[in-house]
Amino acid sequence: MDKIVCANYEEMSAVAAYIIAEQIKRKPESVVGFATGSTPLGAYKRLAELYSCGYVDFSGVISFNLDEYYPIKRDNSRSYFSFMRENLFKYVNIRPENVNIPNGECADPEKECADYDGRLKRLGGTDLQILGVGNNGHIGFNEPREELPLAAGLVDLAEDTVKANSRFFEKPEDVPRRAITLGLGGIFSSKRVLVLVSGAGKAEIVKKMFSGSVSALVPASLLNLRGGVTVIADKAADGRL
Ligand code: F6R
């Protein structure tokens with residue numbers, strides 16, 4: 001697992017945006033696995049700027065998001081569908097038919113998960129998977145557990161995660177407690193993985209990721225088991241502040 005340590009969030013975001021843009025320039029029909037959350041916001045803003053100055057073209061890109069709350073209406077401003085539209089897709093020329101996000105309003109989540117995995121398999125996996133990491137080490141919404149699923153599934157969010165996500169919701173009772181997420185199989189199907197970590201709050205988890213051992217109780221540590229993973233951390237997340 002390679003690690004790039006940047007001076008601050010802005011630098012981390014710029015480096016990440018260039019890596020994503022270079023992937024798309026190299027292969028215009030790239031399948032890009034997008035994450036939501038606070039960490040990639042700066043990178044998405046930079047990516048939109050790189051589009052608006054003509055550096056990168058999204059017309060061939062196929063997006064494949066990691067997860068979505070369940071149940072949630074797509075037009076709910078807190079859905080990951082809205083997140084992607086508001087923070088990236090509305091600024092670039094991605095084709096709506098090329099956008100893949102689990103359907104948080106489906107009636108049959110089991111079927112939705114199987115279909116979502118099937119779609120990813122038919123695409124041959126993602127070319128580049130962008131990941132954030134939860135404070136508890138989750139990737140996607142694969143929360144620490146002794147056994148982690150390979151397949152996409154409907155999962156209960158850990159208490160830590162519900163607490164962390166509550167910052168996006170007005171009332172505690174509105175915070176979703178379940179989500180549809182790609183499993184480890186879908187995430188690991190990617191040819192390349194870019195992990196973004198920022199802020200002192202992530203320093204402990206970054207330390208565990210680079211501790212020299214792996215555990216399903218720290219899902220992000222499992223990324224050590226494959227090649228092609230680059231972690232971009234700012235100094236604070238790298239424990240240097
Ligand atoms: C979001 C996702 C999550 C987040 C993680 C970190 O699609 O899959 O794993 O990446 O919870 O979130 P932030 O970036 O808000 O700290």
# chains A, B, ... in the order shown; residues from 1 in each chain; ligands from 1
call {"tool": "residues_around", "arguments": {"residues": "A:Met12", "least_positions_apart": "4", "cutoff": "8 Å", "atoms": "only C-alpha atoms", "output": "list in words"}}
result
Val5, Cys6, Ala7, Asn8, Ala16, Ala43, Leu196, Ile232, Ala233 and Asp234 of chain A
call {"tool": "write_last_selection", "arguments": {"atoms": "all heavy atoms", "output": "PDB file, in the first residue's frame"}}
result
ATOM      1  N   VAL A   5       1.700  11.643   1.452  1.00  0.00           N
ATOM      2  CA  VAL A   5       1.280  12.554   2.532  1.00  0.00           C
ATOM      3  C   VAL A   5       1.324  13.985   2.002  1.00  0.00           C
ATOM      4  O   VAL A   5       2.352  14.450   1.516  1.00  0.00           O
ATOM      5  CB  VAL A   5       2.171  12.400   3.787  1.00  0.00           C
ATOM      6  CG1 VAL A   5       1.673  13.320   4.903  1.00  0.00           C
ATOM      7  CG2 VAL A   5       2.165  10.948   4.269  1.00  0.00           C
ATOM      8  N   CYS A   6       0.190  14.645   2.069  1.00  0.00           N
ATOM      9  CA  CYS A   6       0.069  16.018   1.561  1.00  0.00           C
ATOM     10  C   CYS A   6       0.069  17.003   2.725  1.00  0.00           C
ATOM     11  O   CYS A   6      -0.286  16.643   3.853  1.00  0.00           O
ATOM     12  CB  CYS A   6      -1.224  16.169   0.770  1.00  0.00           C
ATOM     13  SG  CYS A   6      -1.262  15.110  -0.686  1.00  0.00           S
ATOM     14  N   ALA A   7       0.420  18.237   2.423  1.00  0.00           N
ATOM     15  CA  ALA A   7       0.513  19.249   3.483  1.00  0.00           C
ATOM     16  C   ALA A   7      -0.839  19.485   4.156  1.00  0.00           C
ATOM     17  O   ALA A   7      -0.932  19.672   5.366  1.00  0.00           O
ATOM     18  CB  ALA A   7       1.039  20.550   2.897  1.00  0.00           C
ATOM     19  N   ASN A   8      -1.897  19.466   3.366  1.00  0.00           N
ATOM     20  CA  ASN A   8      -3.213  19.803   3.919  1.00  0.00           C
ATOM     21  C   ASN A   8      -4.331  19.230   3.037  1.00  0.00           C
ATOM     22  O   ASN A   8      -4.051  18.589   2.016  1.00  0.00           O
ATOM     23  CB  ASN A   8      -3.367  21.326   4.042  1.00  0.00           C
ATOM     24  CG  ASN A   8      -3.027  22.008   2.721  1.00  0.00           C
ATOM     25  OD1 ASN A   8      -3.402  21.522   1.649  1.00  0.00           O
ATOM     26  ND2 ASN A   8      -2.311  23.105   2.785  1.00  0.00           N
ATOM     27  N   ALA A  16      -5.624  14.020  -5.576  1.00  0.00           N
ATOM     28  CA  ALA A  16      -6.639  12.991  -5.877  1.00  0.00           C
ATOM     29  C   ALA A  16      -7.354  13.316  -7.186  1.00  0.00           C
ATOM     30  O   ALA A  16      -7.559  12.434  -8.036  1.00  0.00           O
ATOM     31  CB  ALA A  16      -7.641  12.901  -4.725  1.00  0.00           C
ATOM     32  N   ALA A  43     -11.860  16.940  -3.647  1.00  0.00           N
ATOM     33  CA  ALA A  43     -11.387  16.315  -4.890  1.00  0.00           C
ATOM     34  C   ALA A  43     -12.447  16.449  -5.973  1.00  0.00           C
ATOM     35  O   ALA A  43     -12.134  16.718  -7.140  1.00  0.00           O
ATOM     36  CB  ALA A  43     -11.050  14.849  -4.639  1.00  0.00           C
ATOM     37  N   LEU A 196      -8.727   8.121   0.406  1.00  0.00           N
ATOM     38  CA  LEU A 196      -8.504   9.500   0.870  1.00  0.00           C
ATOM     39  C   LEU A 196      -8.769   9.581   2.370  1.00  0.00           C
ATOM     40  O   LEU A 196      -9.817   9.124   2.835  1.00  0.00           O
ATOM     41  CB  LEU A 196      -9.439  10.471   0.137  1.00  0.00           C
ATOM     42  CG  LEU A 196      -9.425  10.413  -1.393  1.00  0.00           C
ATOM     43  CD1 LEU A 196     -10.319  11.508  -1.970  1.00  0.00           C
ATOM     44  CD2 LEU A 196      -8.009  10.591  -1.912  1.00  0.00           C
ATOM     45  N   ILE A 232      -3.940   8.556   0.066  1.00  0.00           N
ATOM     46  CA  ILE A 232      -3.520   9.962   0.084  1.00  0.00           C
ATOM     47  C   ILE A 232      -4.031  10.551   1.387  1.00  0.00           C
ATOM     48  O   ILE A 232      -5.249  10.614   1.624  1.00  0.00           O
ATOM     49  CB  ILE A 232      -4.085  10.762  -1.102  1.00  0.00           C
ATOM     50  CG1 ILE A 232      -3.878  10.007  -2.418  1.00  0.00           C
ATOM     51  CG2 ILE A 232      -3.408  12.128  -1.187  1.00  0.00           C
ATOM     52  CD1 ILE A 232      -4.337  10.779  -3.630  1.00  0.00           C
ATOM     53  N   ALA A 233      -3.094  10.915   2.227  1.00  0.00           N
ATOM     54  CA  ALA A 233      -3.442  11.446   3.554  1.00  0.00           C
ATOM     55  C   ALA A 233      -2.931  12.875   3.661  1.00  0.00           C
ATOM     56  O   ALA A 233      -1.931  13.233   3.038  1.00  0.00           O
ATOM     57  CB  ALA A 233      -2.775  10.592   4.621  1.00  0.00           C
ATOM     58  N   ASP A 234      -3.637  13.685   4.440  1.00  0.00           N
ATOM     59  CA  ASP A 234      -3.007  14.961   4.775  1.00  0.00           C
ATOM     60  C   ASP A 234      -2.185  14.733   6.039  1.00  0.00           C
ATOM     61  O   ASP A 234      -2.279  13.665   6.673  1.00  0.00           O
ATOM     62  CB  ASP A 234      -4.023  16.109   4.876  1.00  0.00           C
ATOM     63  CG  ASP A 234      -5.107  15.885   5.905  1.00  0.00           C
ATOM     64  OD1 ASP A 234      -4.937  14.977   6.760  1.00  0.00           O
ATOM     65  OD2 ASP A 234      -6.119  16.601   5.887  1.00  0.00           O
TER      66      ASP A 234
END
call {"tool": "residues_around", "arguments": {"residues": "stretch 28-37 of chain A", "least_positions_apart": "2", "cutoff": "6 Å", "atoms": "only C-alpha atoms", "output": "PyMOL selection string"}}
result
chain A and resi 24-25+39+60-66+126-131
call {"tool": "residues_around", "arguments": {"residues": "A:Asn103", "least_positions_apart": "4", "cutoff": "8 Å", "atoms": "only C-alpha atoms", "output": "list in words"}}
result
Glu68, Arg74 and Glu112 of chain A
call {"tool": "write_last_selection", "arguments": {"atoms": "N, CA, C and O atoms", "output": "CSV table (one decimal), in the first residue's frame"}}
result
chain,number,residue,atom,x,y,z
A,68,GLU,N,-25.5,3.5,-0.7
A,68,GLU,CA,-26.7,4.4,-0.5
A,68,GLU,C,-27.4,4.0,0.8
A,68,GLU,O,-27.5,2.9,1.1
A,74,ARG,N,-34.6,9.1,-3.6
A,74,ARG,CA,-33.5,9.6,-4.4
A,74,ARG,C,-33.5,11.2,-4.3
A,74,ARG,O,-32.4,11.8,-4.2
A,112,GLU,N,-32.0,-5.8,-5.4
A,112,GLU,CA,-31.2,-4.7,-5.8
A,112,GLU,C,-29.7,-4.9,-5.6
A,112,GLU,O,-28.9,-4.6,-6.5
call {"tool": "residues_near_ligand", "arguments": {"ligand": "ligand 1", "cutoff": "10 Å", "atoms": "only C-alpha atoms and all ligand atoms", "output": "MDAnalysis selection string"}}
result
chainID A and resid 33:41 65:69 80 83:84 130:143 160:162 164:165 167:168 179:182 195:199 201:202 220
call {"tool": "select_by_dssp", "arguments": {"residues": "stretch 28-163 of chain A", "states": "strand (DSSP E or B)", "output": "list in words"}}
result
Val31, Val32, Gly33, Ile62, Ser63, Phe64, Asp67, Glu68, Tyr69, Tyr70, Val99, Asn100, Leu128, Gln129, Ile130, Leu131, Ile139, Asn142, Gly153, Leu154, Val155 and Asp156 of chain A
call {"tool": "atom_distance", "arguments": {"atom1": "atom CA of A:Ile94", "atom2": "atom CA of A:Leu150"}}
result
28.6 Å
call {"tool": "closest_residue", "arguments": {"among": "A:Leu120, A:Met1, A:Met209, A:Ala200", "to": "A:Lys235", "atoms": "only C-alpha atoms"}}
result
A:Ala200
call {"tool": "atom_distance", "arguments": {"atom1": "atom CA of A:Leu225", "atom2": "atom CA of A:Gly183"}}
result
15.6 Å
call {"tool": "residues_around", "arguments": {"residues": "A:Glu146", "least_positions_apart": "2", "cutoff": "7 Å", "atoms": "only C-alpha atoms", "output": "PDB file with C-alpha atoms, in the first residue's frame"}}
result
ATOM      1  CA  LEU A 148     -17.023  -9.549   5.985  1.00  0.00           C
ATOM      2  CA  ALA A 216     -11.651  -7.821   9.435  1.00  0.00           C
ATOM      3  CA  LEU A 217     -12.190  -5.735  12.566  1.00  0.00           C
TER       4      LEU A 217
END
call {"tool": "closest_residue", "arguments": {"among": "A:Glu159, A:Ala203, A:Gly227, A:Ser59", "to": "A:Leu241", "atoms": "only C-alpha atoms"}}
result
A:Ala203
call {"tool": "select_by_dssp", "arguments": {"residues": "stretch 131-239 of chain A", "states": "helix (DSSP H, G or I)", "output": "PyMOL selection string"}}
result
chain A and resi 159-168+172-174+184-188+200-209+219-225
call {"tool": "write_last_selection", "arguments": {"atoms": "N, CA and C atoms", "output": "compact mmCIF listing (two decimals), in the first residue's frame"}}
result
# COMPACT_ATOMS: atom_id res chain seq x y z
N GLU A 159 -23.10 1.89 15.40
CA GLU A 159 -23.49 3.08 16.19
C GLU A 159 -22.58 4.27 15.89
N ASP A 160 -21.27 4.01 15.81
CA ASP A 160 -20.26 5.04 15.47
C ASP A 160 -20.60 5.75 14.17
N THR A 161 -21.01 4.93 13.19
CA THR A 161 -21.29 5.46 11.85
C THR A 161 -22.56 6.30 11.88
N VAL A 162 -23.59 5.80 12.58
CA VAL A 162 -24.85 6.55 12.68
C VAL A 162 -24.55 7.91 13.33
N LYS A 163 -23.70 7.87 14.37
CA LYS A 163 -23.34 9.10 15.08
C LYS A 163 -22.59 10.06 14.12
N ALA A 164 -21.63 9.51 13.38
CA ALA A 164 -20.85 10.35 12.45
C ALA A 164 -21.76 10.92 11.36
N ASN A 165 -22.71 10.13 10.87
CA ASN A 165 -23.59 10.60 9.78
C ASN A 165 -24.64 11.59 10.27
N SER A 166 -24.85 11.64 11.59
CA SER A 166 -25.92 12.50 12.12
C SER A 166 -25.64 13.97 11.82
N ARG A 167 -24.35 14.32 11.53
CA ARG A 167 -24.05 15.72 11.24
C ARG A 167 -24.74 16.20 9.97
N PHE A 168 -25.19 15.27 9.12
CA PHE A 168 -25.85 15.66 7.87
C PHE A 168 -27.37 15.78 8.01
N PRO A 172 -32.24 13.55 14.99
CA PRO A 172 -31.59 12.23 15.17
C PRO A 172 -32.42 11.10 14.56
N GLU A 173 -33.76 11.23 14.64
CA GLU A 173 -34.60 10.13 14.13
C GLU A 173 -34.57 10.03 12.60
N ASP A 174 -34.02 11.07 11.94
CA ASP A 174 -33.93 11.02 10.47
C ASP A 174 -32.67 10.29 10.00
N LEU A 184 -16.93 -6.57 -0.03
CA LEU A 184 -15.49 -6.56 -0.27
C LEU A 184 -15.14 -7.04 -1.68
N GLY A 185 -15.97 -7.96 -2.22
CA GLY A 185 -15.72 -8.48 -3.57
C GLY A 185 -15.82 -7.36 -4.59
N GLY A 186 -16.86 -6.56 -4.51
CA GLY A 186 -17.07 -5.45 -5.45
C GLY A 186 -15.97 -4.42 -5.32
N ILE A 187 -15.60 -4.10 -4.09
CA ILE A 187 -14.55 -3.09 -3.87
C ILE A 187 -13.21 -3.60 -4.41
N PHE A 188 -12.93 -4.87 -4.11
CA PHE A 188 -11.64 -5.44 -4.54
C PHE A 188 -11.61 -5.75 -6.03
N ALA A 200 -7.11 14.96 11.84
CA ALA A 200 -6.53 14.25 12.97
C ALA A 200 -7.44 13.11 13.46
N GLY A 201 -8.75 13.26 13.22
CA GLY A 201 -9.70 12.23 13.64
C GLY A 201 -9.45 10.89 12.96
N LYS A 202 -8.73 10.91 11.84
CA LYS A 202 -8.47 9.66 11.10
C LYS A 202 -7.07 9.10 11.41
N ALA A 203 -6.29 9.82 12.24
CA ALA A 203 -4.89 9.41 12.47
C ALA A 203 -4.81 8.00 13.07
N GLU A 204 -5.71 7.71 14.00
CA GLU A 204 -5.68 6.40 14.67
C GLU A 204 -5.94 5.27 13.67
N ILE A 205 -6.90 5.50 12.78
CA ILE A 205 -7.27 4.45 11.83
C ILE A 205 -6.16 4.29 10.76
N VAL A 206 -5.54 5.39 10.39
CA VAL A 206 -4.43 5.31 9.41
C VAL A 206 -3.29 4.49 10.04
N LYS A 207 -3.04 4.74 11.32
CA LYS A 207 -1.99 3.99 12.02
C LYS A 207 -2.31 2.49 11.98
N LYS A 208 -3.57 2.15 12.21
CA LYS A 208 -3.96 0.73 12.18
C LYS A 208 -3.82 0.14 10.78
N MET A 209 -4.14 0.96 9.76
CA MET A 209 -4.02 0.46 8.38
C MET A 209 -2.58 0.13 8.01
N PRO A 219 -11.68 -3.10 8.60
CA PRO A 219 -11.84 -3.47 7.19
C PRO A 219 -10.84 -2.81 6.24
N ALA A 220 -10.48 -1.54 6.49
CA ALA A 220 -9.54 -0.86 5.58
C ALA A 220 -8.16 -1.52 5.59
N SER A 221 -7.81 -2.24 6.67
CA SER A 221 -6.49 -2.88 6.72
C SER A 221 -6.39 -3.99 5.68
N LEU A 222 -7.55 -4.54 5.26
CA LEU A 222 -7.54 -5.64 4.27
C LEU A 222 -7.01 -5.18 2.92
N LEU A 223 -6.99 -3.87 2.70
CA LEU A 223 -6.46 -3.35 1.43
C LEU A 223 -4.97 -3.67 1.30
N ASN A 224 -4.31 -4.03 2.43
CA ASN A 224 -2.91 -4.46 2.36
C ASN A 224 -2.76 -5.77 1.59
N LEU A 225 -3.86 -6.50 1.42
CA LEU A 225 -3.77 -7.83 0.79
C LEU A 225 -3.71 -7.77 -0.73
call {"tool": "closest_residue", "arguments": {"among": "A:Val92, A:Val56, A:Lys111, A:Ala236", "to": "A:Arg26", "atoms": "only C-alpha atoms"}}
result
A:Val56
call {"tool": "closest_residue", "arguments": {"among": "A:Cys113, A:Val218, A:Leu123, A:Leu50", "to": "A:Gly153", "atoms": "only C-alpha atoms"}}
result
A:Cys113
